[in-house]
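Data block for coords-v2.tsv (TSV, N, CA and C atoms):
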chain	number	residue	atom	x	y	z
A	1	ALA	N	58.65	-0.63	1.57
A	1	ALA	CA	57.47	0.24	1.60
A	1	ALA	C	56.22	-0.62	1.59
A	2	THR	N	55.25	-0.20	2.40
A	2	THR	CA	53.97	-0.92	2.47
A	2	THR	C	52.89	-0.12	1.77
A	3	CYS	N	52.00	-0.85	1.13
A	3	CYS	CA	50.87	-0.19	0.47
A	3	CYS	C	49.69	-0.13	1.44
A	4	THR	N	49.01	1.00	1.44
A	4	THR	CA	47.82	1.11	2.28
A	4	THR	C	46.61	1.40	1.40
A	5	ASP	N	45.49	0.87	1.84
A	5	ASP	CA	44.24	1.03	1.11
A	5	ASP	C	43.79	2.49	1.18
A	6	VAL	N	43.39	3.03	0.04
A	6	VAL	CA	42.81	4.36	0.00
A	6	VAL	C	41.30	4.20	0.12
A	7	ASP	N	40.71	4.84	1.10
A	7	ASP	CA	39.25	4.75	1.28
A	7	ASP	C	38.57	5.77	0.37
A	8	GLU	N	38.08	5.28	-0.76
A	8	GLU	CA	37.43	6.15	-1.75
A	8	GLU	C	36.11	6.72	-1.22
A	9	CYS	N	35.61	6.15	-0.14
A	9	CYS	CA	34.29	6.54	0.39
A	9	CYS	C	34.34	7.74	1.33
A	10	VAL	N	35.52	8.13	1.80
A	10	VAL	CA	35.59	9.24	2.76
A	10	VAL	C	35.59	10.61	2.09
A	11	VAL	N	35.66	10.64	0.77
A	11	VAL	CA	35.66	11.92	0.07
A	11	VAL	C	34.28	12.58	0.16
A	12	ASP	N	34.24	13.90	0.07
A	12	ASP	CA	32.98	14.64	0.14
A	12	ASP	C	32.04	14.26	-1.01
A	13	ASN	N	32.61	14.12	-2.20
A	13	ASN	CA	31.80	13.73	-3.36
A	13	ASN	C	31.86	12.22	-3.52
A	14	SER	N	30.84	11.53	-3.07
A	14	SER	CA	30.80	10.07	-3.17
A	14	SER	C	30.87	9.65	-4.63
A	15	PRO	N	31.62	8.59	-4.92
A	15	PRO	CA	31.69	8.10	-6.31
A	15	PRO	C	30.39	7.37	-6.72
A	16	CYS	N	29.43	7.25	-5.79
A	16	CYS	CA	28.20	6.50	-6.06
A	16	CYS	C	27.05	7.43	-6.45
A	17	GLU	N	25.99	6.82	-6.99
A	17	GLU	CA	24.78	7.56	-7.38
A	17	GLU	C	24.03	8.05	-6.14
A	18	ASP	N	23.03	8.93	-6.35
A	18	ASP	CA	22.25	9.50	-5.24
A	18	ASP	C	21.57	8.45	-4.37
A	19	GLN	N	21.04	7.40	-4.97
A	19	GLN	CA	20.31	6.38	-4.21
A	19	GLN	C	21.20	5.19	-3.82
A	20	GLU	N	22.51	5.46	-3.69
A	20	GLU	CA	23.47	4.43	-3.31
A	20	GLU	C	24.39	4.97	-2.22
A	21	TYR	N	25.00	4.05	-1.48
A	21	TYR	CA	26.04	4.44	-0.53
A	21	TYR	C	27.34	3.71	-0.91
A	22	CYS	N	28.44	4.28	-0.51
A	22	CYS	CA	29.76	3.76	-0.86
A	22	CYS	C	30.24	2.80	0.23
A	23	LEU	N	30.74	1.65	-0.19
A	23	LEU	CA	31.27	0.65	0.73
A	23	LEU	C	32.72	0.38	0.34
A	24	ASN	N	33.65	0.73	1.24
A	24	ASN	CA	35.07	0.57	0.94
A	24	ASN	C	35.47	-0.91	1.00
A	25	ASN	N	36.23	-1.35	-0.01
A	25	ASN	CA	36.81	-2.69	-0.04
A	25	ASN	C	38.33	-2.55	-0.10
A	26	GLU	N	39.04	-3.61	0.14
A	26	GLU	CA	40.51	-3.59	0.05
A	26	GLU	C	40.90	-3.26	-1.39
A	27	GLY	N	41.48	-2.10	-1.61
A	27	GLY	CA	41.94	-1.68	-2.93
A	27	GLY	C	40.86	-1.15	-3.86
A	28	SER	N	39.63	-1.07	-3.39
A	28	SER	CA	38.54	-0.62	-4.25
A	28	SER	C	37.35	-0.15	-3.41
A	29	TYR	N	36.21	-0.10	-4.03
A	29	TYR	CA	34.96	0.24	-3.33
A	29	TYR	C	33.80	-0.33	-4.14
A	30	SER	N	32.63	-0.40	-3.52
A	30	SER	CA	31.43	-0.79	-4.26
A	30	SER	C	30.28	0.13	-3.85
A	31	CYS	N	29.32	0.26	-4.73
A	31	CYS	CA	28.16	1.09	-4.46
A	31	CYS	C	26.97	0.17	-4.20
A	32	LYS	N	26.28	0.38	-3.10
A	32	LYS	CA	25.14	-0.45	-2.71
A	32	LYS	C	23.88	0.42	-2.69
A	33	ALA	N	22.75	-0.19	-3.03
A	33	ALA	CA	21.47	0.53	-3.07
A	33	ALA	C	21.01	0.90	-1.66
A	34	CYS	N	20.46	2.11	-1.55
A	34	CYS	CA	19.87	2.56	-0.29
A	34	CYS	C	18.60	1.77	-0.01
A	35	ASP	N	18.21	1.72	1.25
A	35	ASP	CA	16.94	1.11	1.65
A	35	ASP	C	15.80	1.84	0.95
A	36	GLN	N	14.69	1.13	0.63
A	36	GLN	CA	13.57	1.77	-0.09
A	36	GLN	C	12.93	2.90	0.71
A	37	SER	N	13.15	2.94	2.02
A	37	SER	CA	12.58	4.00	2.84
A	37	SER	C	13.39	5.29	2.78
A	38	CYS	N	14.56	5.25	2.11
A	38	CYS	CA	15.48	6.40	2.08
A	38	CYS	C	15.43	7.17	0.76
A	39	THR	N	15.65	8.47	0.88
A	39	THR	CA	15.98	9.32	-0.25
A	39	THR	C	17.40	9.78	0.04
A	40	GLY	N	18.37	9.06	-0.52
A	40	GLY	CA	19.78	9.30	-0.20
A	40	GLY	C	20.11	8.62	1.13
A	41	CYS	N	21.34	8.08	1.24
A	41	CYS	CA	21.71	7.41	2.49
A	41	CYS	C	23.22	7.41	2.68
A	42	THR	N	23.62	7.07	3.90
A	42	THR	CA	25.04	6.99	4.22
A	42	THR	C	25.47	5.56	4.52
A	43	GLY	N	24.51	4.63	4.49
A	43	GLY	CA	24.80	3.22	4.75
A	43	GLY	C	23.56	2.38	4.56
A	44	SER	N	23.65	1.12	4.99
A	44	SER	CA	22.58	0.15	4.81
A	44	SER	C	21.48	0.32	5.86
A	45	GLY	N	20.23	0.18	5.43
A	45	GLY	CA	19.11	0.16	6.38
A	45	GLY	C	18.37	1.47	6.52
A	46	PRO	N	17.15	1.41	7.10
A	46	PRO	CA	16.30	2.59	7.24
A	46	PRO	C	16.78	3.60	8.29
A	47	ASN	N	17.82	3.23	9.04
A	47	ASN	CA	18.38	4.16	10.04
A	47	ASN	C	19.59	4.93	9.50
A	48	GLU	N	19.89	4.75	8.20
A	48	GLU	CA	21.03	5.42	7.57
A	48	GLU	C	20.57	6.41	6.48
A	49	CYS	N	19.32	6.81	6.53
A	49	CYS	CA	18.76	7.69	5.50
A	49	CYS	C	19.19	9.14	5.70
A	50	LYS	N	19.41	9.83	4.59
A	50	LYS	CA	19.60	11.29	4.65
A	50	LYS	C	18.23	11.94	4.80
A	51	ASN	N	17.26	11.45	4.04
A	51	ASN	CA	15.86	11.87	4.13
A	51	ASN	C	14.98	10.64	3.93
A	52	CYS	N	13.73	10.73	4.40
A	52	CYS	CA	12.80	9.62	4.22
A	52	CYS	C	12.07	9.77	2.88
A	53	SER	N	11.84	8.64	2.23
A	53	SER	CA	11.07	8.60	0.98
A	53	SER	C	9.61	8.94	1.28
A	54	PRO	N	8.84	9.38	0.26
A	54	PRO	CA	7.41	9.61	0.46
A	54	PRO	C	6.74	8.32	0.96
A	55	GLY	N	5.84	8.47	1.93
A	55	GLY	CA	5.18	7.31	2.52
A	55	GLY	C	5.90	6.78	3.76
A	56	TYR	N	7.02	7.43	4.12
A	56	TYR	CA	7.79	7.06	5.31
A	56	TYR	C	7.97	8.30	6.17
A	57	THR	N	8.12	8.09	7.48
A	57	THR	CA	8.34	9.20	8.40
A	57	THR	C	9.49	8.85	9.34
A	58	LEU	N	10.20	9.89	9.81
A	58	LEU	CA	11.35	9.67	10.69
A	58	LEU	C	10.87	9.46	12.12
A	59	GLU	N	11.13	8.27	12.68
A	59	GLU	CA	10.79	7.94	14.06
A	59	GLU	C	12.02	7.33	14.70
A	60	ASP	N	12.48	7.92	15.80
A	60	ASP	CA	13.67	7.42	16.51
A	60	ASP	C	14.85	7.20	15.56
A	61	SER	N	15.14	8.19	14.73
A	61	SER	CA	16.26	8.18	13.78
A	61	SER	C	16.15	7.11	12.70
A	62	THR	N	14.96	6.56	12.50
A	62	THR	CA	14.73	5.52	11.49
A	62	THR	C	13.53	5.89	10.63
A	63	CYS	N	13.65	5.73	9.32
A	63	CYS	CA	12.51	5.98	8.43
A	63	CYS	C	11.55	4.79	8.52
A	64	THR	N	10.34	5.09	8.96
A	64	THR	CA	9.33	4.07	9.22
A	64	THR	C	8.14	4.27	8.31
A	65	ASP	N	7.55	3.17	7.84
A	65	ASP	CA	6.39	3.21	6.96
A	65	ASP	C	5.22	3.92	7.64
A	66	VAL	N	4.56	4.80	6.90
A	66	VAL	CA	3.34	5.44	7.37
A	66	VAL	C	2.18	4.53	6.98
A	67	ASN	N	1.32	4.18	7.94
A	67	ASN	CA	0.15	3.38	7.62
A	67	ASN	C	-0.97	4.33	7.23
A	68	GLU	N	-1.10	4.56	5.92
A	68	GLU	CA	-2.10	5.51	5.40
A	68	GLU	C	-3.52	5.08	5.74
A	69	CYS	N	-3.71	3.79	5.99
A	69	CYS	CA	-5.06	3.27	6.30
A	69	CYS	C	-5.50	3.64	7.71
A	70	ASP	N	-4.55	4.01	8.57
A	70	ASP	CA	-4.87	4.35	9.96
A	70	ASP	C	-4.79	5.84	10.25
A	71	LEU	N	-4.79	6.67	9.22
A	71	LEU	CA	-4.62	8.11	9.43
A	71	LEU	C	-5.91	8.80	9.88
A	72	GLY	N	-7.02	8.07	9.90
A	72	GLY	CA	-8.27	8.67	10.34
A	72	GLY	C	-9.12	9.21	9.21
A	73	GLU	N	-8.51	9.51	8.07
A	73	GLU	CA	-9.29	9.97	6.93
A	73	GLU	C	-9.43	8.79	5.98
A	74	ASN	N	-10.60	8.67	5.38
A	74	ASN	CA	-10.86	7.55	4.49
A	74	ASN	C	-10.13	7.77	3.17
A	75	VAL	N	-9.11	6.96	2.89
A	75	VAL	CA	-8.35	7.13	1.65
A	75	VAL	C	-8.96	6.34	0.49
A	76	CYS	N	-9.73	5.31	0.81
A	76	CYS	CA	-10.42	4.53	-0.22
A	76	CYS	C	-11.89	4.95	-0.20
A	77	LEU	N	-12.34	5.59	-1.26
A	77	LEU	CA	-13.64	6.26	-1.24
A	77	LEU	C	-14.77	5.50	-1.92
A	78	ARG	N	-14.45	4.43	-2.64
A	78	ARG	CA	-15.53	3.70	-3.32
A	78	ARG	C	-16.27	2.81	-2.31
A	79	GLU	N	-17.51	2.45	-2.65
A	79	GLU	CA	-18.27	1.53	-1.81
A	79	GLU	C	-17.67	0.14	-1.90
A	80	ASN	N	-17.81	-0.65	-0.83
A	80	ASN	CA	-17.35	-2.06	-0.77
A	80	ASN	C	-15.86	-2.20	-1.03
A	81	GLU	N	-15.08	-1.27	-0.46
A	81	GLU	CA	-13.64	-1.23	-0.70
A	81	GLU	C	-12.89	-1.09	0.61
A	82	ASP	N	-11.72	-1.72	0.67
A	82	ASP	CA	-10.88	-1.71	1.86
A	82	ASP	C	-9.52	-1.11	1.54
A	83	CYS	N	-8.90	-0.50	2.54
A	83	CYS	CA	-7.55	0.04	2.41
A	83	CYS	C	-6.55	-1.01	2.89
A	84	VAL	N	-5.50	-1.25	2.10
A	84	VAL	CA	-4.44	-2.19	2.47
A	84	VAL	C	-3.12	-1.43	2.46
A	85	ASN	N	-2.44	-1.39	3.61
A	85	ASN	CA	-1.16	-0.70	3.70
A	85	ASN	C	-0.09	-1.50	2.97
A	86	THR	N	0.78	-0.79	2.24
A	86	THR	CA	1.92	-1.40	1.56
A	86	THR	C	3.16	-0.58	1.94
A	87	PRO	N	4.37	-1.11	1.78
A	87	PRO	CA	5.56	-0.33	2.13
A	87	PRO	C	5.62	0.99	1.36
A	88	GLY	N	5.52	2.09	2.08
A	88	GLY	CA	5.61	3.42	1.47
A	88	GLY	C	4.35	3.91	0.81
A	89	SER	N	3.28	3.12	0.84
A	89	SER	CA	2.05	3.51	0.16
A	89	SER	C	0.86	2.72	0.70
A	90	TYR	N	-0.17	2.60	-0.11
A	90	TYR	CA	-1.35	1.80	0.21
A	90	TYR	C	-2.06	1.46	-1.08
A	91	LYS	N	-2.97	0.50	-1.02
A	91	LYS	CA	-3.80	0.22	-2.18
A	91	LYS	C	-5.23	-0.02	-1.72
A	92	CYS	N	-6.15	0.27	-2.60
A	92	CYS	CA	-7.56	0.07	-2.31
A	92	CYS	C	-8.00	-1.19	-3.04
A	93	THR	N	-8.56	-2.13	-2.29
A	93	THR	CA	-9.02	-3.38	-2.90
A	93	THR	C	-10.48	-3.62	-2.53
A	94	CYS	N	-11.18	-4.28	-3.43
A	94	CYS	CA	-12.58	-4.60	-3.18
A	94	CYS	C	-12.68	-5.63	-2.06
A	95	TYR	N	-13.76	-5.53	-1.27
A	95	TYR	CA	-14.00	-6.50	-0.21
A	95	TYR	C	-14.00	-7.91	-0.79
A	96	GLU	N	-13.79	-8.91	0.06
A	96	GLU	CA	-13.86	-10.30	-0.38
A	96	GLU	C	-15.26	-10.58	-0.92
A	97	GLY	N	-15.33	-11.26	-2.05
A	97	GLY	CA	-16.62	-11.54	-2.68
A	97	GLY	C	-17.04	-10.47	-3.68
A	98	PHE	N	-16.23	-9.40	-3.76
A	98	PHE	CA	-16.50	-8.32	-4.71
A	98	PHE	C	-15.36	-8.24	-5.71
A	99	GLU	N	-15.62	-7.66	-6.87
A	99	GLU	CA	-14.58	-7.48	-7.88
A	99	GLU	C	-14.70	-6.10	-8.50
A	100	ASP	N	-13.58	-5.63	-9.05
A	100	ASP	CA	-13.54	-4.31	-9.68
A	100	ASP	C	-14.07	-4.42	-11.10
A	101	LYS	N	-15.18	-3.76	-11.36
A	101	LYS	CA	-15.77	-3.74	-12.71
A	101	LYS	C	-16.02	-2.29	-13.06
A	102	ASP	N	-15.34	-1.80	-14.08
A	102	ASP	CA	-15.51	-0.43	-14.55
A	102	ASP	C	-15.38	0.59	-13.42
A	103	GLY	N	-14.40	0.38	-12.55
A	103	GLY	CA	-14.12	1.34	-11.48
A	103	GLY	C	-15.04	1.24	-10.27
A	104	GLU	N	-15.85	0.20	-10.19
A	104	GLU	CA	-16.73	-0.01	-9.04
A	104	GLU	C	-16.51	-1.40	-8.48
A	105	CYS	N	-16.68	-1.54	-7.16
A	105	CYS	CA	-16.59	-2.85	-6.52
A	105	CYS	C	-17.98	-3.45	-6.51
A	106	VAL	N	-18.18	-4.46	-7.35
A	106	VAL	CA	-19.49	-5.09	-7.47
A	106	VAL	C	-19.39	-6.55	-7.01
A	107	LEU	N	-20.52	-7.10	-6.58
A	107	LEU	CA	-20.59	-8.48	-6.14
A	107	LEU	C	-20.18	-9.40	-7.29
A	108	LYS	N	-19.29	-10.35	-7.00
A	108	LYS	CA	-18.85	-11.29	-8.03
A	108	LYS	C	-20.04	-12.12	-8.50
A	109	GLU	N	-20.00	-12.53	-9.77
A	109	GLU	CA	-21.10	-13.32	-10.35
A	109	GLU	C	-21.39	-14.58	-9.53
A	110	ALA	N	-20.35	-15.30	-9.13
A	110	ALA	CA	-20.53	-16.53	-8.35
A	110	ALA	C	-21.23	-16.23	-7.03
A	111	GLU	N	-20.88	-15.08	-6.42
A	111	GLU	CA	-21.48	-14.68	-5.15
A	111	GLU	C	-22.95	-14.32	-5.35
A	112	LYS	N	-23.26	-13.68	-6.48
A	112	LYS	CA	-24.65	-13.31	-6.78
A	112	LYS	C	-25.50	-14.56	-6.87
A	113	GLY	N	-25.00	-15.58	-7.57
A	113	GLY	CA	-25.71	-16.84	-7.71
A	113	GLY	C	-25.98	-17.49	-6.37
A	114	ALA	N	-24.99	-17.48	-5.49
A	114	ALA	CA	-25.13	-18.07	-4.15
A	114	ALA	C	-26.17	-17.30	-3.35
A	115	GLU	N	-26.19	-15.98	-3.52
A	115	GLU	CA	-27.15	-15.14	-2.79
A	115	GLU	C	-28.58	-15.45	-3.25
A	116	VAL	N	-28.77	-15.62	-4.55
A	116	VAL	CA	-30.09	-15.94	-5.10
A	116	VAL	C	-30.52	-17.31	-4.61
A	117	GLU	N	-29.59	-18.28	-4.64
A	117	GLU	CA	-29.89	-19.63	-4.20
A	117	GLU	C	-30.29	-19.64	-2.72
A	118	GLU	N	-29.57	-18.87	-1.91
A	118	GLU	CA	-29.86	-18.76	-0.49
A	118	GLU	C	-31.26	-18.19	-0.27
A	119	THR	N	-31.60	-17.19	-1.05
A	119	THR	CA	-32.92	-16.56	-0.95
A	119	THR	C	-33.99	-17.59	-1.30
A	120	LEU	N	-33.76	-18.38	-2.33
A	120	LEU	CA	-34.74	-19.39	-2.74
A	120	LEU	C	-34.93	-20.43	-1.65
A	121	GLN	N	-33.84	-20.81	-0.98
A	121	GLN	CA	-33.93	-21.82	0.06
A	121	GLN	C	-34.65	-21.30	1.30
A	122	THR	N	-34.60	-20.02	1.54
A	122	THR	CA	-35.23	-19.48	2.75
A	122	THR	C	-36.68	-19.08	2.53
A	123	GLU	N	-37.14	-19.09	1.29
A	123	GLU	CA	-38.55	-18.79	1.02
A	123	GLU	C	-39.40	-19.95	1.52
A	124	PRO	N	-40.50	-19.63	2.23
A	124	PRO	CA	-41.36	-20.73	2.69
A	124	PRO	C	-41.99	-21.43	1.50
A	125	GLU	N	-42.01	-22.76	1.58
A	125	GLU	CA	-42.60	-23.52	0.49
A	125	GLU	C	-44.12	-23.47	0.62
A	126	SER	N	-44.77	-23.28	-0.49
A	126	SER	CA	-46.24	-23.28	-0.46
A	126	SER	C	-46.72	-24.44	-1.30
A	127	HIS	N	-47.61	-25.19	-0.72
A	127	HIS	CA	-48.17	-26.34	-1.45
A	127	HIS	C	-49.59	-25.99	-1.86
A	128	VAL	N	-49.85	-26.20	-3.09
A	128	VAL	CA	-51.22	-25.98	-3.61
A	128	VAL	C	-51.71	-27.33	-4.08
A	129	GLU	N	-52.76	-27.77	-3.47
A	129	GLU	CA	-53.32	-29.06	-3.90
A	129	GLU	C	-54.53	-28.78	-4.78
A	130	ILE	N	-54.51	-29.36	-5.95
A	130	ILE	CA	-55.56	-29.12	-6.92
A	130	ILE	C	-56.33	-30.42	-7.15
A	131	GLY	N	-57.62	-30.29	-7.26
A	131	GLY	CA	-58.47	-31.43	-7.63
A	131	GLY	C	-58.72	-32.40	-6.50
A	132	ARG	N	-58.50	-32.03	-5.27
A	132	ARG	CA	-58.82	-32.94	-4.19
A	132	ARG	C	-60.10	-32.46	-3.51
A	133	ALA	N	-60.89	-33.38	-3.22
A	133	ALA	CA	-62.14	-32.99	-2.59
A	133	ALA	C	-62.28	-33.57	-1.22
Could the structure of this file be written out as structure tokens, please?
Amino acid sequence: ATCTDVDECVVDNSPCEDQEYCLNNEGSYSCKACDQSCTGCTGSGPNECKNCSPGYTLEDSTCTDVNECDLGENVCLRENEDCVNTPGSYKCTCYEGFEDKDGECVLKEAEKGAEVEETLQTEPESHVEIGRA
């Protein structure tokens, strides 16, 4: 008599968690994590998703990152702030030379000093001669 492998993964109720898929091994199985773009999956990668995670959209049978910065609506509303796309989301960061202080993007102290110095250098020099006749 020969022994044959039982595929534990073909059952309707997967032995794995919701965010995992079942991978059959000889005599056993293992559970692997779904791609971050998936909410539930049947295998590895963004093309094996049951549903797409928030921040992802289904394009050509693959869950693809939504670039929230290119949606046409301004998602970063503070002054001197830029939108940076991240996998499944986005973040708002202060422009270069600015820093976040109490919820506002303000000019960094070092930048302020350079700006003042620049202003001083561009002011026309005035010479006042005293006591010459």
Atom CA of A:Gly103 to atom C of A:Cys69, distance in Å rounded to a single decimal: 21.2 Å
Expected answer as an MDAnalysis selection string: strand (DSSP E or B) residues in chain A: chainID A and resid 20:25 28:33 38:41 49:52 56:59 62:65 81:86 89:94 98:101 104:107
Counting only C-alpha atoms, which residues come within 12 Å of (10.1, 3.9, 6.9), with the point read in the file's coordinates, and could you list them as a count of residues only? 31
Counting all atoms listed in the file, what is within 5 Å of A:Cys31, bar same-chain residues fewer than 5 positions away, as a list in words?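 My reading of the contact set: Tyr21, Cys22 and Leu23 of chain A.
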For the point (38.0, -2.5, -4.1) in the file's frame, write as a PyMOL selection string all residues with an atom no more than 10 Å away, counting only C-alpha atoms. chain A and resi 5-8+23-30
Close residues, A:Tyr95 itself excluded, 7 Å, all atoms listed in the file, min 3 positions apart in chain, as number ranges by chain: A: 79-82, 98-99, 105
What separation in Å, quoted to one decimal, exists between atom CA of A:Val84 and atom C of A:Gly97?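 So the answer is 16.3 Å.
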Between atom CA of A:Lys108 and atom CA of A:Leu77 - distance in Å to one decimal: 19.5 Å
Using only C-alpha atoms, the shortest atom-to-atom distance to A:Lys91 among A:Cys3, A:Cys34, A:Val106, A:Val75 belongs to A:Val75
Need to verify the contact set: A:Glu17, 8 Å, only N, CA and C atoms, exclusion of same-chain residues closer than 6 positions in sequence. Can you return it as a ChimeraX atom specification? /A:31-32,40-41
Where does DSSP see helix (DSSP H, G or I) in stretch 22-131 of chain A, if you list the residues as a ChimeraX atom specification? /A:68-70,109-122
Could N, CA, C and O atoms be built for stretch 63-80 of chain A and written out as an mmCIF file, keeping the file's coordinate frame?
data_model
loop_
_atom_site.group_PDB
_atom_site.id
_atom_site.type_symbol
_atom_site.label_atom_id
_atom_site.label_comp_id
_atom_site.auth_asym_id
_atom_site.auth_seq_id
_atom_site.Cartn_x
_atom_site.Cartn_y
_atom_site.Cartn_z
ATOM 1 N N CYS A 63 13.650 5.730 9.320
ATOM 2 C CA CYS A 63 12.510 5.980 8.430
ATOM 3 C C CYS A 63 11.550 4.790 8.520
ATOM 4 O O CYS A 63 11.931 3.656 8.247
ATOM 5 N N THR A 64 10.340 5.090 8.960
ATOM 6 C CA THR A 64 9.330 4.070 9.220
ATOM 7 C C THR A 64 8.140 4.270 8.310
ATOM 8 O O THR A 64 7.725 5.398 8.047
ATOM 9 N N ASP A 65 7.550 3.170 7.840
ATOM 10 C CA ASP A 65 6.390 3.210 6.960
ATOM 11 C C ASP A 65 5.220 3.920 7.640
ATOM 12 O O ASP A 65 4.929 3.682 8.810
ATOM 13 N N VAL A 66 4.560 4.800 6.900
ATOM 14 C CA VAL A 66 3.340 5.440 7.370
ATOM 15 C C VAL A 66 2.180 4.530 6.980
ATOM 16 O O VAL A 66 2.075 4.133 5.820
ATOM 17 N N ASN A 67 1.320 4.180 7.940
ATOM 18 C CA ASN A 67 0.150 3.380 7.620
ATOM 19 C C ASN A 67 -0.970 4.330 7.230
ATOM 20 O O ASN A 67 -1.687 4.857 8.074
ATOM 21 N N GLU A 68 -1.100 4.560 5.920
ATOM 22 C CA GLU A 68 -2.100 5.510 5.400
ATOM 23 C C GLU A 68 -3.520 5.080 5.740
ATOM 24 O O GLU A 68 -4.426 5.908 5.791
ATOM 25 N N CYS A 69 -3.710 3.790 5.990
ATOM 26 C CA CYS A 69 -5.060 3.270 6.300
ATOM 27 C C CYS A 69 -5.500 3.640 7.710
ATOM 28 O O CYS A 69 -6.686 3.578 8.022
ATOM 29 N N ASP A 70 -4.550 4.010 8.570
ATOM 30 C CA ASP A 70 -4.870 4.350 9.960
ATOM 31 C C ASP A 70 -4.790 5.840 10.250
ATOM 32 O O ASP A 70 -4.734 6.240 11.412
ATOM 33 N N LEU A 71 -4.790 6.670 9.220
ATOM 34 C CA LEU A 71 -4.620 8.110 9.430
ATOM 35 C C LEU A 71 -5.910 8.800 9.880
ATOM 36 O O LEU A 71 -5.893 9.982 10.195
ATOM 37 N N GLY A 72 -7.020 8.070 9.900
ATOM 38 C CA GLY A 72 -8.270 8.670 10.340
ATOM 39 C C GLY A 72 -9.120 9.210 9.210
ATOM 40 O O GLY A 72 -10.324 9.339 9.351
ATOM 41 N N GLU A 73 -8.510 9.510 8.070
ATOM 42 C CA GLU A 73 -9.290 9.970 6.930
ATOM 43 C C GLU A 73 -9.430 8.790 5.980
ATOM 44 O O GLU A 73 -8.535 7.977 5.835
ATOM 45 N N ASN A 74 -10.600 8.670 5.380
ATOM 46 C CA ASN A 74 -10.860 7.550 4.490
ATOM 47 C C ASN A 74 -10.130 7.770 3.170
ATOM 48 O O ASN A 74 -10.472 8.670 2.422
ATOM 49 N N VAL A 75 -9.110 6.960 2.890
ATOM 50 C CA VAL A 75 -8.350 7.130 1.650
ATOM 51 C C VAL A 75 -8.960 6.340 0.490
ATOM 52 O O VAL A 75 -8.727 6.664 -0.662
ATOM 53 N N CYS A 76 -9.730 5.310 0.810
ATOM 54 C CA CYS A 76 -10.420 4.530 -0.220
ATOM 55 C C CYS A 76 -11.890 4.950 -0.200
ATOM 56 O O CYS A 76 -12.585 4.709 0.791
ATOM 57 N N LEU A 77 -12.340 5.590 -1.260
ATOM 58 C CA LEU A 77 -13.640 6.260 -1.240
ATOM 59 C C LEU A 77 -14.770 5.500 -1.920
ATOM 60 O O LEU A 77 -15.933 5.885 -1.800
ATOM 61 N N ARG A 78 -14.450 4.430 -2.640
ATOM 62 C CA ARG A 78 -15.530 3.700 -3.320
ATOM 63 C C ARG A 78 -16.270 2.810 -2.310
ATOM 64 O O ARG A 78 -15.717 2.422 -1.288
ATOM 65 N N GLU A 79 -17.510 2.450 -2.650
ATOM 66 C CA GLU A 79 -18.270 1.530 -1.810
ATOM 67 C C GLU A 79 -17.670 0.140 -1.900
ATOM 68 O O GLU A 79 -17.114 -0.240 -2.928
ATOM 69 N N ASN A 80 -17.810 -0.650 -0.830
ATOM 70 C CA ASN A 80 -17.350 -2.060 -0.770
ATOM 71 C C ASN A 80 -15.860 -2.200 -1.030
ATOM 72 O O ASN A 80 -15.412 -3.109 -1.714
#
